[in-house]
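Containing compact mmCIF, C-alpha atoms and all ligand atoms: protein_3.txt.
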```
# COMPACT_ATOMS: atom_id res chain seq x y z
CA MET A 9 12.59 41.55 -69.52
CA ILE A 10 13.02 37.85 -68.89
CA LEU A 11 10.76 36.38 -66.20
CA ILE A 12 11.54 32.89 -64.90
CA THR A 13 9.19 30.96 -62.63
CA GLY A 14 10.75 28.28 -60.43
CA ALA A 15 13.91 30.39 -60.20
CA SER A 16 14.70 29.46 -56.60
CA LYS A 17 16.36 26.16 -57.46
CA GLY A 18 17.11 23.54 -60.08
CA ILE A 19 16.78 24.41 -63.75
CA GLY A 20 15.08 27.79 -63.18
CA TYR A 21 17.89 28.95 -60.88
CA PHE A 22 20.47 27.74 -63.40
CA LEU A 23 18.76 29.66 -66.23
CA MET A 24 18.53 32.81 -64.13
CA GLN A 25 22.28 32.70 -63.43
CA LYS A 26 23.08 32.15 -67.10
CA PHE A 27 20.93 35.05 -68.29
CA MET A 28 22.41 37.32 -65.58
CA ASP A 29 25.93 36.31 -66.65
CA GLU A 30 25.01 37.46 -70.17
CA GLY A 31 23.87 40.84 -68.81
CA GLU A 32 20.15 40.31 -69.48
CA ASP A 33 17.39 41.90 -67.39
CA VAL A 34 15.90 39.01 -65.52
CA ILE A 35 13.59 38.53 -62.55
CA GLY A 36 12.53 35.29 -60.89
CA ILE A 37 9.57 33.82 -59.07
CA TYR A 38 9.80 31.44 -56.12
CA ASN A 39 7.32 30.00 -53.68
CA ASN A 40 8.75 28.09 -50.69
CA THR A 41 12.52 28.14 -51.13
CA ILE A 42 13.72 31.45 -49.69
CA PRO A 43 16.37 32.85 -52.06
CA LYS A 44 19.83 33.24 -50.54
CA GLU A 45 20.96 35.61 -53.30
CA HIS A 46 19.54 38.04 -55.86
CA GLU A 47 16.81 38.82 -53.29
CA THR A 48 15.92 42.08 -55.03
CA LEU A 49 15.22 40.21 -58.27
CA MET A 50 13.10 37.47 -56.69
CA TYR A 51 9.34 37.65 -56.08
CA LYS A 52 7.32 35.26 -53.94
CA VAL A 53 4.29 34.11 -55.93
CA ASP A 54 2.37 30.84 -55.65
CA ILE A 55 1.54 30.24 -59.29
CA ALA A 56 -1.34 27.99 -58.24
CA ASN A 57 -3.06 31.05 -56.78
CA PRO A 58 -4.55 33.25 -59.54
CA GLU A 59 -4.91 36.28 -57.24
CA GLU A 60 -1.22 36.18 -56.26
CA VAL A 61 -0.25 35.92 -59.92
CA LYS A 62 -2.53 38.82 -60.94
CA ASN A 63 -1.25 40.99 -58.08
CA PHE A 64 2.35 40.28 -59.10
CA ALA A 65 1.60 41.24 -62.73
CA ALA A 66 -0.17 44.46 -61.70
CA ALA A 67 2.50 45.50 -59.18
CA ASN A 68 5.33 44.94 -61.67
CA ASP A 69 3.63 46.13 -64.83
CA ASP A 70 6.28 48.82 -65.43
CA LYS A 71 9.03 46.15 -65.54
CA LEU A 72 7.31 43.54 -67.70
CA ASN A 73 8.10 44.95 -71.15
CA GLN A 74 9.02 42.96 -74.26
CA LEU A 75 8.55 39.95 -72.07
CA ILE A 76 10.11 36.52 -72.34
CA LEU A 77 8.16 34.33 -69.92
CA ILE A 78 9.91 31.10 -68.95
CA ASN A 79 7.40 28.87 -67.14
CA CYS A 80 9.85 26.56 -65.40
CA ALA A 81 8.05 26.11 -62.05
CA GLY A 82 6.89 22.56 -61.55
CA SER A 83 6.25 19.96 -58.94
CA ASN A 84 5.87 16.19 -58.76
CA TYR A 85 3.52 13.66 -57.19
CA ASN A 86 4.33 9.99 -57.53
CA ALA A 87 1.64 7.38 -56.84
CA PHE A 88 0.01 4.52 -58.68
CA ALA A 89 -3.43 5.72 -59.81
CA HIS A 90 -5.32 3.14 -57.75
CA LYS A 91 -3.56 4.33 -54.58
CA ALA A 92 -3.28 8.05 -55.34
CA ASP A 93 -4.83 10.72 -53.15
CA PRO A 94 -7.25 12.61 -55.43
CA ALA A 95 -6.57 15.91 -53.65
CA LYS A 96 -2.79 15.58 -54.16
CA TRP A 97 -3.33 14.43 -57.76
CA ALA A 98 -5.49 17.49 -58.49
CA GLN A 99 -3.07 19.84 -56.68
CA LEU A 100 -0.23 18.68 -58.94
CA ILE A 101 -2.33 19.58 -61.99
CA THR A 102 -3.16 22.90 -60.33
CA VAL A 103 0.53 23.78 -60.03
CA ASN A 104 2.02 22.39 -63.24
CA LEU A 105 -0.79 23.04 -65.72
CA VAL A 106 -3.21 25.55 -64.19
CA GLY A 107 -0.37 27.53 -62.58
CA THR A 108 1.38 27.84 -65.92
CA PHE A 109 -1.93 29.05 -67.37
CA HIS A 110 -2.28 31.61 -64.55
CA MET A 111 1.07 33.14 -65.51
CA ILE A 112 0.15 33.26 -69.20
CA ASN A 113 -3.36 34.58 -68.49
CA ALA A 114 -2.01 37.45 -66.37
CA LEU A 115 0.81 38.45 -68.71
CA LEU A 116 -0.69 37.98 -72.17
CA PRO A 117 -2.68 41.25 -72.19
CA LYS A 118 0.53 43.32 -71.90
CA MET A 119 2.28 41.15 -74.52
CA ARG A 120 -0.65 41.70 -76.91
CA GLU A 121 -0.59 45.44 -76.23
CA GLN A 122 3.13 45.50 -77.08
CA ASN A 123 2.86 43.16 -80.07
CA PHE A 124 5.63 41.04 -78.64
CA GLY A 125 5.96 38.07 -76.35
CA ARG A 126 7.77 34.78 -75.91
CA ILE A 127 6.35 32.02 -73.72
CA ILE A 128 8.36 28.87 -73.04
CA ASN A 129 6.76 26.10 -70.99
CA PHE A 130 8.50 23.16 -69.37
CA ALA A 131 6.99 19.82 -70.36
CA SER A 132 8.57 16.40 -70.01
CA ILE A 133 9.35 13.16 -71.77
CA VAL A 134 7.36 11.53 -68.96
CA ALA A 135 4.14 12.69 -70.69
CA GLN A 136 4.89 10.44 -73.68
CA SER A 137 6.67 7.49 -72.06
CA GLY A 138 4.11 5.77 -69.83
CA ILE A 139 6.06 5.55 -66.57
CA PRO A 140 4.34 3.90 -63.57
CA GLY A 141 3.37 6.30 -60.78
CA THR A 142 3.42 9.40 -62.95
CA SER A 143 -0.23 9.76 -64.02
CA ALA A 144 -0.63 13.22 -62.41
CA TYR A 145 2.73 14.55 -63.61
CA ALA A 146 2.30 13.10 -67.10
CA ALA A 147 -1.22 14.51 -67.41
CA SER A 148 -0.04 17.95 -66.25
CA LYS A 149 2.73 18.03 -68.83
CA ALA A 150 0.65 16.59 -71.70
CA GLY A 151 -1.95 19.26 -70.92
CA LEU A 152 0.64 21.92 -71.73
CA TRP A 153 0.84 20.65 -75.31
CA GLY A 154 -2.84 21.23 -76.10
CA MET A 155 -2.92 24.54 -74.23
CA THR A 156 0.14 25.72 -76.12
CA LYS A 157 -1.37 25.02 -79.54
CA ALA A 158 -4.57 26.97 -78.79
CA ILE A 159 -2.74 29.96 -77.31
CA ALA A 160 -0.27 29.96 -80.22
CA VAL A 161 -3.10 30.35 -82.74
CA GLU A 162 -4.88 33.00 -80.68
CA ASN A 163 -1.75 35.16 -80.53
CA ALA A 164 0.18 34.48 -83.74
CA SER A 165 -0.84 37.82 -85.27
CA LYS A 166 0.40 39.67 -82.19
CA GLY A 167 4.09 38.85 -82.39
CA ILE A 168 3.75 36.32 -79.59
CA THR A 169 5.12 32.79 -79.71
CA ILE A 170 4.51 29.98 -77.23
CA ASN A 171 6.36 26.66 -77.19
CA ASN A 172 7.31 23.80 -74.88
CA LEU A 173 10.53 22.05 -74.05
CA ASN A 174 9.98 18.32 -73.63
CA LEU A 175 12.86 17.56 -71.32
CA GLY A 176 14.44 14.18 -70.86
CA TYR A 177 16.51 13.65 -67.71
CA PHE A 178 18.98 16.30 -66.55
CA ASP A 179 21.68 16.31 -63.94
CA ILE A 180 19.91 18.98 -61.89
CA GLY A 181 16.72 19.66 -59.97
CA MET A 182 14.02 17.09 -59.26
CA ILE A 183 16.04 14.12 -60.59
CA GLN A 184 17.94 14.39 -57.28
CA ASP A 185 14.79 13.15 -55.51
CA VAL A 186 14.89 9.91 -57.52
CA PRO A 187 16.60 7.00 -55.65
CA ALA A 188 20.16 6.26 -56.87
CA GLU A 189 19.36 2.77 -58.20
CA MET A 190 16.41 4.16 -60.18
CA GLN A 191 18.69 6.86 -61.60
CA GLU A 192 21.03 4.11 -62.85
CA ILE A 193 18.12 2.29 -64.52
CA ILE A 194 17.04 5.51 -66.25
CA LYS A 195 20.62 6.20 -67.39
CA SER A 196 20.93 2.71 -68.84
CA LYS A 197 17.98 3.49 -71.15
CA ILE A 198 19.41 6.79 -72.42
CA PRO A 199 21.36 6.21 -75.67
CA GLY A 200 24.38 8.21 -74.41
CA LYS A 201 24.10 6.56 -70.94
CA LYS A 202 24.17 9.92 -69.13
CA PHE A 203 21.83 12.68 -67.97
CA GLY A 204 21.71 15.92 -69.93
CA ASN A 205 23.72 19.03 -69.14
CA PRO A 206 21.38 21.94 -68.29
CA ASP A 207 23.46 24.16 -70.57
CA ASP A 208 21.57 22.50 -73.45
CA ILE A 209 18.30 23.72 -71.94
CA PHE A 210 19.70 27.25 -71.83
CA LYS A 211 20.69 27.04 -75.50
CA VAL A 212 17.20 25.95 -76.58
CA VAL A 213 15.49 28.59 -74.41
CA LYS A 214 17.67 31.25 -76.07
CA TYR A 215 16.86 29.86 -79.52
CA LEU A 216 13.10 29.90 -78.89
CA SER A 217 13.41 33.40 -77.43
CA ALA A 218 15.08 34.62 -80.60
CA ALA A 219 12.89 32.85 -83.17
CA SER A 220 9.69 34.59 -84.33
CA TYR A 221 8.20 31.89 -86.61
CA ILE A 222 8.27 28.88 -84.29
CA THR A 223 5.06 28.65 -82.30
CA GLY A 224 2.61 26.09 -80.94
CA THR A 225 5.16 23.32 -80.88
CA SER A 226 7.60 21.48 -78.64
CA VAL A 227 11.32 20.85 -78.78
CA ASP A 228 12.49 17.47 -77.48
CA VAL A 229 15.67 17.87 -75.43
CA ASN A 230 16.21 14.30 -74.38
CA GLY A 231 19.48 12.83 -75.72
CA GLY A 232 17.59 10.49 -78.04
CA LEU A 233 15.48 8.82 -75.33
CA PHE A 234 11.89 8.30 -76.53
N1 LIG B 301 15.18 18.05 -63.74
C1 LIG B 301 14.77 17.32 -64.78
O1 LIG B 301 15.48 16.38 -65.22
C2 LIG B 301 13.44 17.61 -65.47
C3 LIG B 301 13.02 16.72 -66.47
C4 LIG B 301 11.83 16.97 -67.14
C5 LIG B 301 11.10 18.12 -66.83
N2 LIG B 301 11.52 18.98 -65.85
C6 LIG B 301 10.70 20.16 -65.58
O2 LIG B 301 11.55 21.30 -65.50
C7 LIG B 301 11.02 22.23 -64.55
C8 LIG B 301 12.07 22.54 -63.48
O3 LIG B 301 12.39 21.32 -62.82
P1 LIG B 301 13.55 21.19 -61.73
O4 LIG B 301 14.12 19.84 -61.88
O5 LIG B 301 14.43 22.39 -61.77
O6 LIG B 301 12.66 21.20 -60.37
P2 LIG B 301 13.00 21.70 -58.90
O7 LIG B 301 14.46 21.73 -58.65
O8 LIG B 301 12.13 20.86 -58.02
O9 LIG B 301 12.46 23.21 -58.88
C9 LIG B 301 11.10 23.45 -59.02
C10 LIG B 301 10.86 24.94 -58.96
O10 LIG B 301 9.44 25.17 -59.13
C11 LIG B 301 9.00 26.06 -58.13
N3 LIG B 301 7.59 25.85 -57.78
C12 LIG B 301 6.98 24.67 -57.47
N4 LIG B 301 5.70 24.90 -57.15
C13 LIG B 301 5.49 26.26 -57.25
C14 LIG B 301 4.37 27.10 -57.04
N5 LIG B 301 3.18 26.63 -56.64
N6 LIG B 301 4.51 28.42 -57.26
C15 LIG B 301 5.71 28.93 -57.66
N7 LIG B 301 6.82 28.19 -57.86
C16 LIG B 301 6.70 26.86 -57.66
C17 LIG B 301 9.89 25.77 -56.94
O11 LIG B 301 9.86 26.89 -56.08
P3 LIG B 301 10.02 26.80 -54.46
O12 LIG B 301 11.04 25.73 -54.19
O13 LIG B 301 10.47 28.18 -54.12
O14 LIG B 301 8.66 26.46 -53.93
C18 LIG B 301 11.25 25.56 -57.62
O15 LIG B 301 11.87 26.80 -57.83
C19 LIG B 301 9.76 21.58 -63.96
O16 LIG B 301 8.62 22.07 -64.63
C20 LIG B 301 9.95 20.10 -64.26
O17 LIG B 301 8.71 19.42 -64.35
C21 LIG B 301 12.66 18.73 -65.15
```

If you convert what's in this file into structure tokens, what do you get?
Ligand SMILES: NC(=O)c1ccc[n+]([C@@H]2O[C@H](COP(=O)([O-])OP(=O)(O)OC[C@H]3O[C@@H](n4cnc5c(N)ncnc54)[C@H](OP(=O)(O)O)[C@@H]3O)[C@@H](O)[C@H]2O)c1
Amino acid sequence: MILITGASKGIGYFLMQKFMDEGEDVIGIYNNTIPKEHETLMYKVDIANPEEVKNFAAANDDKLNQLILINCAGSNYNAFAHKADPAKWAQLITVNLVGTFHMINALLPKMREQNFGRIINFASIVAQSGIPGTSAYAASKAGLWGMTKAIAVENASKGITINNLNLGYFDIGMIQDVPAEMQEIIKSKIPGKKFGNPDDIFKVVKYLSAASYITGTSVDVNGGLF
């Protein structure tokens, strides 16, 4: 089974469609965006809430076999650090980093029992670039790197791999919230002068799902922007 968080829109929705087109068993998690299709395959879970995540895992235990967990859910909070609201800053970490951990924490026991698991987390180039206003988002994504390394080592003997995608800028999802003139500035810095096609994300997710000896690392998918 393939489980995708953040499947109600953007990249997660795109990946869900692609896997369905290939005939894979896939279910998705959403939070606020009510799905207009595939309702029977979509589960409402706030990943920031550990009880909701645990209840989802328990209620769907029979489905979650040979699991590929794609932790795509993510949010954004833009503010200069000296003006940021600490509660909003912390909430962003709670969704992007702690929420990703909640999913892993709830689903790892079954993966370990079955001696198989694939975990793919969604990090970002923003964590390594130093972009004004992104301290919460950057911290949440950089946190995934350290978490991934520890969990990789803990589970390497159990047939479980865990890796990150460090995404650059893609023509889908949260980039649409960025003002048009800022999008042009970002594009001008990308060597190919264009945003990525999400199909490349799908290809890397499939590759990491298939590989058994790649763990605890990250794949940059950024068109050469560093
Ligand atoms: N788009 C890019 O260029 C880009 C670049 C670098 C990294 N990324 C990363 O890629 C991932 C997907 O980004 P995107 O652009 O597709 O974003 P998006 O269009 O804003 O979609 C975000 C998804 O995350 C879900 N989500 C947010 N908070 C949640 C929560 N508390 N519980 C459960 N689900 C939650 C949303 O669900 P609801 O709407 O149902 O609440 C939505 O399905 C994110 O982790 C993002 O940081 C994207």

>> What does the list of residues within 8 Å of ligand LIG 301 (chain B) look like if you count only C-alpha atoms and all ligand atoms, written as a PyMOL selection string?
In response: chain A and resi 13-21+37-43+52-57+79-84+103-104+107+129-134+145+149+174-184+203-204

>> Taking only C-alpha atoms into account, name the residue in A:Val229, A:Ile170, A:Ile35, A:Ala65 that is nearest to Leu115 (chain A).
In response: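 Ranked by minimum distance to Leu115 (chain A), first place goes to A:Ala65.
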
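Note that CA of Tyr221 (chain A) and CA of Gly167 (chain A) are 9.1 Å apart.
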
>> Set the distance at 9 Å and use all atoms listed in the file: which residues neighbour Asn172 (chain A) once local chain neighbours fewer than 5 positions away are removed? I'd like the list as a ChimeraX atom specification.
In response: /A:127-132,152-153,156,224-228

>> Quick one: residues within 7 Å of Ala146 (chain A), only C-alpha atoms, excluding same-chain residues fewer than 4 positions away - as a list in words?
In response: Val134, Ala135, Thr142 and Ala150 of chain A

>> For a quick check of understanding, using all atoms listed in the file, which of A:Met111, A:Met50, A:Ala164, A:Val186 has the smallest distance to Phe124 (chain A)?
In response: A:Ala164

>> Residues near Asp69 (chain A), anyone? I mean within 12 Å using all atoms listed in the file, not counting same-chain ones fewer than 6 positions away, as an NGL selection string.
In response: :A and (9 or 61-63 or 75 or 114-119)

Edge lengths and centre in Å to one decimal, as AutoDock Vina command-line options, is what I'm after for the box along x, y and z that holds all listed atoms of region 189-205 of chain A once 3 Å is added on each side.
```
--center_x 20.4 --center_y 10.7 --center_z -66.9 --size_x 14.0 --size_y 22.7 --size_z 23.5
```

>> Measuring between only C-alpha atoms, which one of A:Ala89, A:Leu173, A:Ile112, A:Ile78 shows the shortest distance to Asp208 (chain A)?
In response: A:Leu173

> Closest to Ile159 (chain A) among A:Ser143, A:Thr102, A:Gln136, A:Thr223, using all atoms listed in the file?
Replying inline: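 Residue with the minimum atom-to-atom distance to Ile159 (chain A): A:Thr223.
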